[in-house]
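Here's target05.txt, which has compact mmCIF, C-alpha atoms:
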```
# COMPACT_ATOMS: atom_id res chain seq x y z
CA MET B 1 58.36 -14.32 24.58
CA THR B 2 55.96 -12.61 26.97
CA VAL B 3 55.91 -13.97 30.49
CA ILE B 4 52.52 -13.86 32.23
CA ASP B 5 52.67 -13.37 35.96
CA THR B 6 50.15 -15.80 37.47
CA SER B 7 50.90 -14.79 41.02
CA THR B 8 48.52 -11.81 40.97
CA PRO B 9 45.33 -12.63 42.89
CA VAL B 10 42.08 -12.82 40.94
CA ALA B 11 40.43 -10.29 43.24
CA HIS B 12 43.23 -7.83 42.52
CA ILE B 13 42.76 -8.33 38.74
CA GLU B 14 39.04 -7.65 39.03
CA SER B 15 39.74 -4.48 40.99
CA LEU B 16 41.89 -3.26 38.10
CA ALA B 17 38.94 -3.42 35.65
CA PRO B 18 38.17 -0.11 33.95
CA PRO B 19 35.43 1.91 35.60
CA LYS B 20 31.97 1.75 34.02
CA PRO B 21 30.98 4.95 32.24
CA ALA B 22 28.30 6.95 33.95
CA ARG B 23 24.96 6.46 32.23
CA LYS B 24 22.86 9.48 31.35
CA PRO B 25 19.18 9.60 32.24
CA LEU B 26 16.99 7.73 29.75
CA LEU B 27 15.24 10.76 28.22
CA LEU B 28 18.47 12.71 28.02
CA HIS B 29 20.16 9.77 26.33
CA LEU B 30 17.32 9.35 23.82
CA PHE B 31 17.13 12.98 22.74
CA PHE B 32 20.74 14.15 23.26
CA GLY B 33 22.74 10.91 23.15
CA ASP B 34 25.12 12.15 20.45
CA LEU B 35 25.57 15.03 18.04
CA ILE B 36 23.15 13.73 15.41
CA ALA B 37 20.45 12.99 17.98
CA SER B 38 20.88 16.47 19.46
CA LEU B 39 20.58 18.11 16.03
CA LEU B 40 17.46 16.11 15.22
CA THR B 41 15.91 16.98 18.59
CA VAL B 42 16.57 20.69 18.16
CA THR B 43 15.32 20.68 14.56
CA THR B 44 12.16 18.80 15.49
CA GLY B 45 11.47 21.17 18.36
CA PHE B 46 11.90 24.16 16.06
CA LEU B 47 9.49 22.66 13.52
CA LEU B 48 6.93 21.97 16.26
CA ILE B 49 7.13 25.60 17.35
CA LEU B 50 6.48 26.67 13.77
CA MET B 51 3.44 24.37 13.67
CA ILE B 52 1.76 25.93 16.70
CA PRO B 53 -0.56 28.13 14.58
CA ALA B 54 -1.61 25.09 12.54
CA LEU B 55 -2.26 23.10 15.71
CA ASN B 56 -4.38 25.92 17.08
CA TRP B 57 -6.38 25.97 13.84
CA ALA B 58 -6.81 22.18 13.76
CA LEU B 59 -7.53 21.50 17.44
CA ILE B 60 -8.00 24.43 19.81
CA ASP B 61 -9.99 26.82 17.61
CA ALA B 62 -11.71 24.06 15.61
CA ILE B 63 -15.46 23.67 15.36
CA TRP B 64 -16.29 20.05 15.98
CA ILE B 65 -20.10 19.95 16.22
CA THR B 66 -22.60 22.38 14.72
CA ASN B 67 -25.80 22.32 12.72
CA ASP B 68 -25.23 25.81 11.36
CA PRO B 69 -22.76 25.99 8.43
CA ASN B 70 -22.37 29.74 9.03
CA ALA B 71 -20.69 28.95 12.34
CA CYS B 72 -17.67 27.77 10.37
CA ARG B 73 -17.07 31.14 8.72
CA GLU B 74 -14.94 32.21 11.66
CA GLY B 75 -12.55 30.31 13.86
CA GLY B 76 -10.48 27.26 13.13
CA ALA B 77 -11.04 24.05 11.22
CA CYS B 78 -14.64 23.05 10.51
CA TRP B 79 -14.64 19.35 11.35
CA ALA B 80 -18.43 19.50 11.56
CA PHE B 81 -18.32 19.54 7.76
CA ILE B 82 -16.66 16.11 7.77
CA ALA B 83 -19.43 14.76 9.99
CA ALA B 84 -22.07 16.21 7.65
CA LYS B 85 -20.41 14.84 4.49
CA PHE B 86 -19.01 11.62 5.94
CA ARG B 87 -21.28 9.22 4.06
CA PHE B 88 -20.74 11.06 0.78
CA ILE B 89 -16.94 11.01 1.14
CA ILE B 90 -16.90 7.32 2.09
CA PHE B 91 -19.52 6.01 -0.37
CA GLY B 92 -19.61 8.67 -3.09
CA VAL B 93 -22.68 8.73 -5.32
CA TYR B 94 -23.66 5.15 -4.50
CA PRO B 95 -27.45 5.09 -3.87
CA PRO B 96 -28.00 5.98 -0.19
CA GLU B 97 -30.55 3.23 0.38
CA GLU B 98 -28.04 0.64 -0.90
CA GLN B 99 -24.96 1.87 0.95
CA TRP B 100 -25.04 -1.15 3.24
CA ARG B 101 -23.58 -3.08 0.33
CA PRO B 102 -20.30 -1.12 -0.04
CA LEU B 103 -20.11 -1.06 3.76
CA LEU B 104 -20.28 -4.86 3.74
CA VAL B 105 -17.60 -4.90 1.01
CA MET B 106 -15.24 -2.88 3.21
CA VAL B 107 -15.92 -5.18 6.16
CA LEU B 108 -15.18 -8.19 3.94
CA ILE B 109 -11.93 -6.63 2.71
CA LEU B 110 -10.83 -5.96 6.29
CA ALA B 111 -11.75 -9.50 7.35
CA MET B 112 -9.79 -11.04 4.47
CA ILE B 113 -6.76 -8.87 5.17
CA LEU B 114 -6.77 -9.82 8.85
CA THR B 115 -7.12 -13.48 7.88
CA SER B 116 -4.17 -13.23 5.51
CA LEU B 117 -1.74 -11.69 8.01
CA SER B 118 -0.44 -14.94 9.47
CA PRO B 119 2.00 -16.78 7.17
CA ARG B 120 0.66 -20.07 8.56
CA LEU B 121 -2.54 -19.58 6.54
CA TRP B 122 -0.79 -18.89 3.24
CA GLY B 123 -1.49 -21.46 0.57
CA GLN B 124 -3.94 -22.55 -2.08
CA LYS B 125 -6.90 -22.42 0.29
CA LEU B 126 -6.23 -18.75 1.01
CA ILE B 127 -5.99 -18.01 -2.73
CA TYR B 128 -9.35 -19.67 -3.31
CA ALA B 129 -10.80 -17.76 -0.35
CA TRP B 130 -9.60 -14.46 -1.86
CA LEU B 131 -11.05 -15.34 -5.27
CA SER B 132 -14.39 -16.17 -3.67
CA ALA B 133 -14.31 -13.01 -1.56
CA VAL B 134 -13.57 -10.80 -4.58
CA ALA B 135 -16.46 -12.41 -6.47
CA VAL B 136 -18.77 -11.69 -3.53
CA MET B 137 -17.50 -8.08 -3.34
CA LEU B 138 -18.18 -7.44 -7.02
CA LEU B 139 -21.59 -9.08 -6.73
CA LEU B 140 -22.48 -6.84 -3.81
CA MET B 141 -21.33 -3.72 -5.65
CA TRP B 142 -23.06 -4.62 -8.93
CA GLY B 143 -26.20 -6.20 -7.56
CA GLY B 144 -28.77 -7.69 -9.93
CA ALA B 145 -28.96 -10.95 -7.96
CA PHE B 146 -30.63 -12.16 -4.77
CA GLY B 147 -33.06 -9.27 -4.95
CA MET B 148 -30.38 -6.55 -4.94
CA THR B 149 -30.93 -3.50 -7.13
CA PRO B 150 -28.41 -3.26 -10.01
CA VAL B 151 -25.94 -0.38 -9.58
CA PRO B 152 -23.75 0.52 -12.58
CA THR B 153 -20.04 1.17 -12.07
CA SER B 154 -20.62 4.84 -12.90
CA SER B 155 -22.41 5.09 -9.54
CA TRP B 156 -19.63 3.43 -7.56
CA GLY B 157 -17.48 5.74 -5.54
CA GLY B 158 -15.65 6.59 -2.36
CA LEU B 159 -13.46 4.38 -0.23
CA PRO B 160 -14.73 1.01 -1.60
CA VAL B 161 -13.57 1.98 -5.11
CA THR B 162 -10.16 3.03 -3.76
CA LEU B 163 -9.72 -0.26 -1.89
CA LEU B 164 -10.95 -2.40 -4.78
CA LEU B 165 -8.68 -0.68 -7.30
CA ALA B 166 -5.65 -1.09 -5.02
CA LEU B 167 -6.35 -4.74 -4.18
CA LEU B 168 -7.28 -5.84 -7.69
CA SER B 169 -4.43 -4.02 -9.43
CA LEU B 170 -1.86 -5.56 -7.07
CA GLY B 171 -3.51 -8.99 -7.06
CA LEU B 172 -3.88 -9.17 -10.85
CA GLY B 173 -0.54 -7.52 -11.53
CA PHE B 174 1.55 -9.84 -9.36
CA PRO B 175 1.20 -13.01 -11.52
CA PHE B 176 2.04 -10.97 -14.63
CA ALA B 177 5.00 -9.49 -12.78
CA VAL B 178 6.35 -12.96 -11.99
CA PHE B 179 6.12 -14.01 -15.65
CA LEU B 180 7.75 -10.77 -16.80
CA ALA B 181 10.58 -11.17 -14.29
CA LEU B 182 11.17 -14.79 -15.31
CA GLY B 183 10.98 -13.82 -18.97
CA ARG B 184 13.55 -11.07 -18.53
CA ARG B 185 15.97 -13.54 -16.92
CA SER B 186 15.29 -16.21 -19.53
CA THR B 187 18.07 -17.44 -21.77
CA LEU B 188 15.67 -17.49 -24.75
CA PRO B 189 16.02 -14.26 -26.75
CA ILE B 190 12.37 -13.70 -27.74
CA PRO B 191 10.81 -14.01 -24.23
CA ARG B 192 13.65 -11.90 -22.83
CA MET B 193 13.21 -9.11 -25.39
CA LEU B 194 9.40 -9.07 -25.09
CA SER B 195 9.60 -8.86 -21.31
CA LEU B 196 12.25 -6.16 -21.48
CA LEU B 197 10.26 -4.06 -23.95
CA THR B 198 7.06 -4.39 -21.93
CA ILE B 199 8.68 -3.44 -18.64
CA GLU B 200 10.66 -0.52 -20.01
CA LEU B 201 7.74 0.81 -22.06
CA VAL B 202 5.37 0.86 -19.09
CA ARG B 203 7.97 2.21 -16.70
CA GLY B 204 8.83 4.93 -19.19
CA LEU B 205 5.26 6.24 -19.20
CA PRO B 206 3.73 8.24 -16.35
CA LEU B 207 0.66 6.70 -14.77
CA VAL B 208 -1.43 9.69 -15.83
CA GLY B 209 -0.56 9.04 -19.48
CA LEU B 210 -1.28 5.34 -19.07
CA LEU B 211 -4.69 6.14 -17.60
CA PHE B 212 -5.51 8.37 -20.55
CA VAL B 213 -4.36 5.69 -22.99
CA ALA B 214 -6.60 3.11 -21.31
CA SER B 215 -9.52 5.52 -21.11
CA ILE B 216 -9.37 6.89 -24.67
CA LEU B 217 -7.42 4.50 -26.91
CA LEU B 218 -8.42 1.13 -25.46
CA PRO B 219 -12.06 1.35 -26.68
CA LEU B 220 -10.75 2.11 -30.20
CA LEU B 221 -8.53 -0.99 -30.18
CA LEU B 222 -11.30 -3.40 -29.19
CA PRO B 223 -13.29 -5.28 -31.86
CA ALA B 224 -16.64 -3.89 -32.96
CA GLY B 225 -19.35 -4.58 -30.44
CA TRP B 226 -16.91 -4.96 -27.55
CA SER B 227 -16.79 -2.42 -24.76
CA ILE B 228 -15.22 -2.04 -21.31
CA ASP B 229 -16.61 0.47 -18.86
CA LYS B 230 -14.50 3.28 -17.44
CA LEU B 231 -13.76 1.52 -14.17
CA GLY B 232 -12.57 -1.60 -16.00
CA ARG B 233 -10.26 0.42 -18.25
CA THR B 234 -8.84 2.22 -15.23
CA LEU B 235 -8.22 -1.11 -13.49
CA ALA B 236 -6.44 -2.39 -16.61
CA ALA B 237 -4.09 0.61 -16.61
CA LEU B 238 -3.31 0.25 -12.89
CA THR B 239 -2.73 -3.49 -13.30
CA VAL B 240 -0.25 -3.01 -16.15
CA PHE B 241 1.53 -0.27 -14.21
CA ALA B 242 1.77 -2.43 -11.07
CA ALA B 243 2.96 -5.47 -13.04
CA ALA B 244 5.87 -3.57 -14.61
CA TYR B 245 7.17 -2.22 -11.31
CA LEU B 246 6.59 -5.47 -9.42
CA ALA B 247 8.46 -7.31 -12.18
CA GLU B 248 11.62 -5.29 -11.53
CA VAL B 249 11.28 -5.94 -7.80
CA MET B 250 10.89 -9.66 -8.42
CA ARG B 251 13.85 -9.67 -10.80
CA GLY B 252 16.04 -8.33 -7.99
CA GLY B 253 14.85 -11.13 -5.73
CA LEU B 254 15.45 -13.78 -8.38
CA GLN B 255 19.00 -12.54 -8.90
CA GLY B 256 19.64 -13.01 -5.17
CA VAL B 257 18.83 -16.73 -5.31
CA PRO B 258 21.96 -18.80 -6.09
CA ALA B 259 21.84 -20.48 -9.49
CA GLY B 260 23.14 -23.68 -7.92
CA GLN B 261 19.74 -24.37 -6.41
CA ILE B 262 18.14 -24.71 -9.83
CA GLU B 263 20.99 -26.96 -10.92
CA ALA B 264 20.55 -29.11 -7.81
CA ALA B 265 16.80 -29.35 -8.49
CA LYS B 266 17.47 -30.46 -12.06
CA ALA B 267 19.97 -33.02 -10.82
CA LEU B 268 17.27 -34.44 -8.55
CA GLY B 269 14.86 -34.71 -11.47
CA ILE B 270 12.54 -31.91 -10.32
CA PRO B 271 10.77 -30.22 -13.27
CA GLY B 272 11.76 -26.64 -13.98
CA TRP B 273 8.41 -25.07 -13.15
CA LYS B 274 8.25 -26.91 -9.83
CA ALA B 275 11.75 -25.76 -8.96
CA VAL B 276 10.78 -22.17 -9.69
CA TRP B 277 7.46 -22.37 -7.84
CA HIS B 278 8.60 -24.27 -4.75
CA ILE B 279 12.29 -23.32 -4.43
CA VAL B 280 13.16 -20.08 -6.21
CA LEU B 281 10.08 -17.89 -5.76
CA PRO B 282 9.71 -18.35 -1.96
CA GLN B 283 13.33 -17.33 -1.44
CA ALA B 284 13.04 -14.43 -3.88
CA LEU B 285 9.96 -13.09 -2.09
CA GLN B 286 11.74 -13.19 1.26
CA LYS B 287 14.55 -11.07 -0.14
CA VAL B 288 12.33 -8.33 -1.58
CA ILE B 289 9.81 -7.70 1.20
CA PRO B 290 10.84 -4.01 1.67
CA PRO B 291 10.62 -3.04 -2.05
CA LEU B 292 7.35 -4.97 -2.39
CA THR B 293 6.01 -2.92 0.50
CA ASN B 294 7.11 0.28 -1.18
CA THR B 295 5.37 -0.70 -4.43
CA ALA B 296 2.17 -1.63 -2.60
CA ILE B 297 2.11 1.72 -0.79
CA VAL B 298 2.77 3.59 -4.03
CA MET B 299 -0.09 1.76 -5.75
CA VAL B 300 -2.49 2.59 -2.91
CA LYS B 301 -1.62 6.26 -3.26
CA ASN B 302 -1.71 6.11 -7.06
CA THR B 303 -5.41 5.24 -6.94
CA SER B 304 -6.01 8.92 -6.17
CA LEU B 305 -4.99 9.75 -9.76
CA VAL B 306 -8.02 8.02 -11.25
CA LEU B 307 -10.10 11.16 -10.70
CA ILE B 308 -8.52 12.68 -13.83
CA VAL B 309 -10.29 10.07 -16.00
CA GLY B 310 -13.63 10.48 -14.24
CA VAL B 311 -13.56 7.57 -11.78
CA PHE B 312 -15.31 8.63 -8.60
CA ASP B 313 -12.89 7.45 -5.93
CA MET B 314 -12.54 8.75 -2.37
CA LEU B 315 -10.51 11.82 -3.38
CA SER B 316 -13.05 12.70 -6.07
CA ALA B 317 -15.87 12.40 -3.54
CA SER B 318 -14.09 14.69 -1.07
CA ARG B 319 -13.37 17.17 -3.84
CA VAL B 320 -17.05 17.30 -4.86
CA ALA B 321 -18.14 17.53 -1.21
CA ALA B 322 -15.90 20.56 -0.71
CA THR B 323 -17.78 22.44 -3.45
CA ASP B 324 -21.08 22.46 -1.51
CA PRO B 325 -22.14 26.17 -1.49
CA VAL B 326 -23.92 25.73 1.84
CA TRP B 327 -20.61 25.27 3.63
CA PRO B 328 -17.96 28.05 3.57
CA ALA B 329 -15.39 26.31 1.35
CA PRO B 330 -13.93 23.84 3.89
CA TYR B 331 -11.70 22.20 1.27
CA VAL B 332 -8.71 21.92 3.61
CA GLU B 333 -10.63 19.81 6.11
CA SER B 334 -11.92 17.54 3.34
CA TYR B 335 -8.47 16.88 1.91
CA ALA B 336 -6.98 16.47 5.41
CA PHE B 337 -9.56 13.80 6.23
CA VAL B 338 -8.81 11.87 3.03
CA ALA B 339 -5.07 12.22 3.64
CA LEU B 340 -5.56 10.74 7.12
CA ILE B 341 -7.31 7.68 5.65
CA TYR B 342 -4.52 7.17 3.11
CA PHE B 343 -1.94 7.58 5.87
CA LEU B 344 -3.62 4.97 8.09
CA ILE B 345 -3.77 2.47 5.21
CA CYS B 346 -0.13 3.00 4.24
CA ILE B 347 1.23 2.98 7.79
CA GLY B 348 -0.67 -0.26 8.42
CA ILE B 349 0.97 -1.86 5.38
CA SER B 350 4.38 -0.61 6.46
CA ASN B 351 4.09 -1.88 10.05
CA TYR B 352 2.83 -5.28 8.95
CA THR B 353 5.62 -5.84 6.45
CA ARG B 354 8.19 -4.73 9.02
CA TRP B 355 6.83 -7.39 11.38
CA LEU B 356 6.80 -9.93 8.55
CA GLU B 357 10.39 -9.16 7.59
CA THR B 358 11.52 -9.58 11.20
CA ARG B 359 9.69 -12.90 11.41
CA VAL B 360 11.25 -14.15 8.17
CA GLN B 361 14.74 -13.17 9.30
CA ALA B 362 14.23 -14.91 12.65
CA ARG B 363 13.16 -18.12 10.90
CA SER B 364 16.14 -17.97 8.52
CA TYR B 365 18.59 -17.95 11.46
CA ARG B 366 17.11 -21.05 13.05
```

Rewrite the structure of this file - the entire thing - as structure tokens.
Amino acid sequence: MTVIDTSTPVAHIESLAPPKPARKPLLLHLFFGDLIASLLTVTTGFLLILMIPALNWALIDAIWITNDPNACREGGACWAFIAAKFRFIIFGVYPPEEQWRPLLVMVLILAMILTSLSPRLWGQKLIYAWLSAVAVMLLLMWGGAFGMTPVPTSSWGGLPVTLLLALLSLGLGFPFAVFLALGRRSTLPIPRMLSLLTIELVRGLPLVGLLFVASILLPLLLPAGWSIDKLGRTLAALTVFAAAYLAEVMRGGLQGVPAGQIEAAKALGIPGWKAVWHIVLPQALQKVIPPLTNTAIVMVKNTSLVLIVGVFDMLSASRVAATDPVWPAPYVESYAFVALIYFLICIGISNYTRWLETRVQARSYR
């Protein structure tokens, strides 16, 4: 038995406490706190040194403002080309006198996204608001009503097409993804096999091949007299592609929900569809926020592939703008500008979902 000596004064015990380690300066601790941090700091510094010529080309030697295209034949990046072709890159071949309509569509998309950020506003009213907003967006792009000039989808282009394809493919694909995920986990053999075949078939095809199938074969499969324009066929391919990948993400979330909750709901007399809608799906969504974010970012970037089937998106517009013979082939600047827009969209999605995940975790611990 160990005997504890209680005669030692408390002050003497406190004086025997181990000394506090000396703290390094903040910057030194951040960049050289341990071996891994030191290696990363040295590697990053070396890469920045290698990028000095590119930084000189992009910033120091760049030509920002000029009315003479020949001024860009020497020196660094010709950002004046972006200023000259800005409207074409953003709006594509949409009629210049009607470009206020796609501009209003982008403003409406931004307003709806900002409105949807707070989880407090999520519900049926927000779904109806999105449906109404999408109808207004398509009406603005098409025209033909309220005195607006009709504009066919072949004249749509630029950033509005990119945003609409991303939003509609994810929005239309998500309900199908939920049904596919539930079907794959079903105990009934036919729904399970159909869901499995659909998911694996779509995931086994590259998006480029799926776009070609929708662009070439889909018109042949439709009944006589039926037709879908090129933009609609492209949206169908992106929707099917998004649904298959979202279904696997949702299946992972559904597997993380304990089966006892469904059994408890049945014991309380709650119908199966209500148990899934109100109990299972909310918990499954909370568990798969990071992979859902990854799929959303991938789908935003995948919209750049629609140029191979002739849809005039933002990347197609920048590619055509770079072929202007008046300017001395500033293709790098054009692609860099489009890449910056894609980066801002994707980093915004990533930061928002990181905040949302933190908020959900904080609420779960209460």

List every protein, DNA or RNA residue that has an atom no more than 10 Å from (-17.7, -7.7, -4.4) in the file's coordinate frame, counting all atoms listed in the file, and report them as number ranges by chain. B: 101-102, 104-106, 108-109, 132-143, 160, 164

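Between Val300 in chain B and the residues B:Gly157, B:Gly144, B:Gly348, B:Pro96, the shortest atom-to-atom distance, using only C-alpha atoms, involves B:Gly348.
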
For the atom pair CA of Leu159 in chain B and CA of Gly92 in chain B, what is the interatomic distance in Å to one decimal place? 8.0 Å

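Between Gly173 in chain B and the residues B:Tyr245, B:Ser318, B:Trp273, B:Leu344, the shortest atom-to-atom distance, using all atoms listed in the file, involves B:Tyr245.
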
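Of the residues under consideration (B:Glu357, B:Pro53, B:Pro330, B:Ala129), B:Pro330 shows the shortest atom-to-atom contact distance to Pro69 in chain B when counting all atoms listed in the file.
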
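Residue nearest Trp100 in chain B within the list B:Val326, B:Ala267, B:Ile199, B:Met148: B:Met148 [criterion: smallest interatomic distance, only C-alpha atoms].
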
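Between Ala58 in chain B and the candidates B:Phe86, B:Pro189, B:Ala317, B:Trp79, the tightest atom-to-atom separation, counting only C-alpha atoms, involves B:Trp79.
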
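With only C-alpha atoms as the atoms that count, the residue of B:Leu121, B:Ile60, B:Leu205, B:Ala244 with the shortest distance to Phe176 in chain B is B:Ala244.
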
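Neighbouring residues of range 276-286 of chain B at 10 Å or closer, counting all atoms listed in the file and skipping chain neighbours under 4 positions away, are Val178, Leu182, Val249, Met250, Arg251, Gly252, Gly253, Leu254, Gln255, Gly256, Val257, Pro258, Ala259, Gln261, Ile262, Ala265, Ile270, Pro271, Gly272, Pro290, Leu292, Leu356, Glu357, Val360, Gln361 and Ser364 of chain B.
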
Can you list, as number ranges by chain, every protein, DNA or RNA residue that comes within 9 Å of Tyr94 in chain B when you count all atoms listed in the file, leaving out same-chain residues fewer than 2 positions away? B: 88, 91-92, 96-99, 102, 151, 154-158

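The space between CA of Pro328 in chain B and CA of Asn56 in chain B spans 19.3 Å.
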
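Interatomic distance, CA of Gly260 in chain B against CA of Ala243 in chain B: 27.7 Å.
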
Which polymer residues have any atom within 10 Å of an atom of Tyr352 in chain B, counting all atoms listed in the file, with same-chain residues fewer than 5 positions away left out, as a compact mmCIF listing (two decimals) with C-alpha atoms, in the frame of the given file?
```txt
# COMPACT_ATOMS: atom_id res chain seq x y z
CA LEU B 117 -1.74 -11.69 8.01
CA THR B 293 6.01 -2.92 0.50
CA CYS B 346 -0.13 3.00 4.24
CA ILE B 347 1.23 2.98 7.79
CA GLU B 357 10.39 -9.16 7.59
CA THR B 358 11.52 -9.58 11.20
```

Determine, counting all atoms listed in the file, every residue of protein, DNA or RNA that lies within 10 Å of (-11.4, 11.0, -8.0) in the file coordinates, then give the result as a PDB file with C-alpha atoms, keeping the file's coordinate frame.
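And here's result_30.pdb as it stands now:
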```
ATOM      1  CA  GLY B  92     -19.610   8.670  -3.090  1.00  0.00           C
ATOM      2  CA  GLY B 157     -17.480   5.740  -5.540  1.00  0.00           C
ATOM      3  CA  GLY B 158     -15.650   6.590  -2.360  1.00  0.00           C
ATOM      4  CA  VAL B 161     -13.570   1.980  -5.110  1.00  0.00           C
ATOM      5  CA  THR B 162     -10.160   3.030  -3.760  1.00  0.00           C
ATOM      6  CA  THR B 303      -5.410   5.240  -6.940  1.00  0.00           C
ATOM      7  CA  SER B 304      -6.010   8.920  -6.170  1.00  0.00           C
ATOM      8  CA  LEU B 305      -4.990   9.750  -9.760  1.00  0.00           C
ATOM      9  CA  VAL B 306      -8.020   8.020 -11.250  1.00  0.00           C
ATOM     10  CA  LEU B 307     -10.100  11.160 -10.700  1.00  0.00           C
ATOM     11  CA  ILE B 308      -8.520  12.680 -13.830  1.00  0.00           C
ATOM     12  CA  VAL B 309     -10.290  10.070 -16.000  1.00  0.00           C
ATOM     13  CA  GLY B 310     -13.630  10.480 -14.240  1.00  0.00           C
ATOM     14  CA  VAL B 311     -13.560   7.570 -11.780  1.00  0.00           C
ATOM     15  CA  PHE B 312     -15.310   8.630  -8.600  1.00  0.00           C
ATOM     16  CA  ASP B 313     -12.890   7.450  -5.930  1.00  0.00           C
ATOM     17  CA  MET B 314     -12.540   8.750  -2.370  1.00  0.00           C
ATOM     18  CA  LEU B 315     -10.510  11.820  -3.380  1.00  0.00           C
ATOM     19  CA  SER B 316     -13.050  12.700  -6.070  1.00  0.00           C
ATOM     20  CA  ALA B 317     -15.870  12.400  -3.540  1.00  0.00           C
ATOM     21  CA  SER B 318     -14.090  14.690  -1.070  1.00  0.00           C
ATOM     22  CA  ARG B 319     -13.370  17.170  -3.840  1.00  0.00           C
ATOM     23  CA  VAL B 320     -17.050  17.300  -4.860  1.00  0.00           C
TER      24      VAL B 320
END
```

Contacts of Leu126 in chain B within 12 Å, only C-alpha atoms, excl. fewer than 4 positions in-chain, as a VMD selection string: chain B and resid 112 to 122 130 to 133
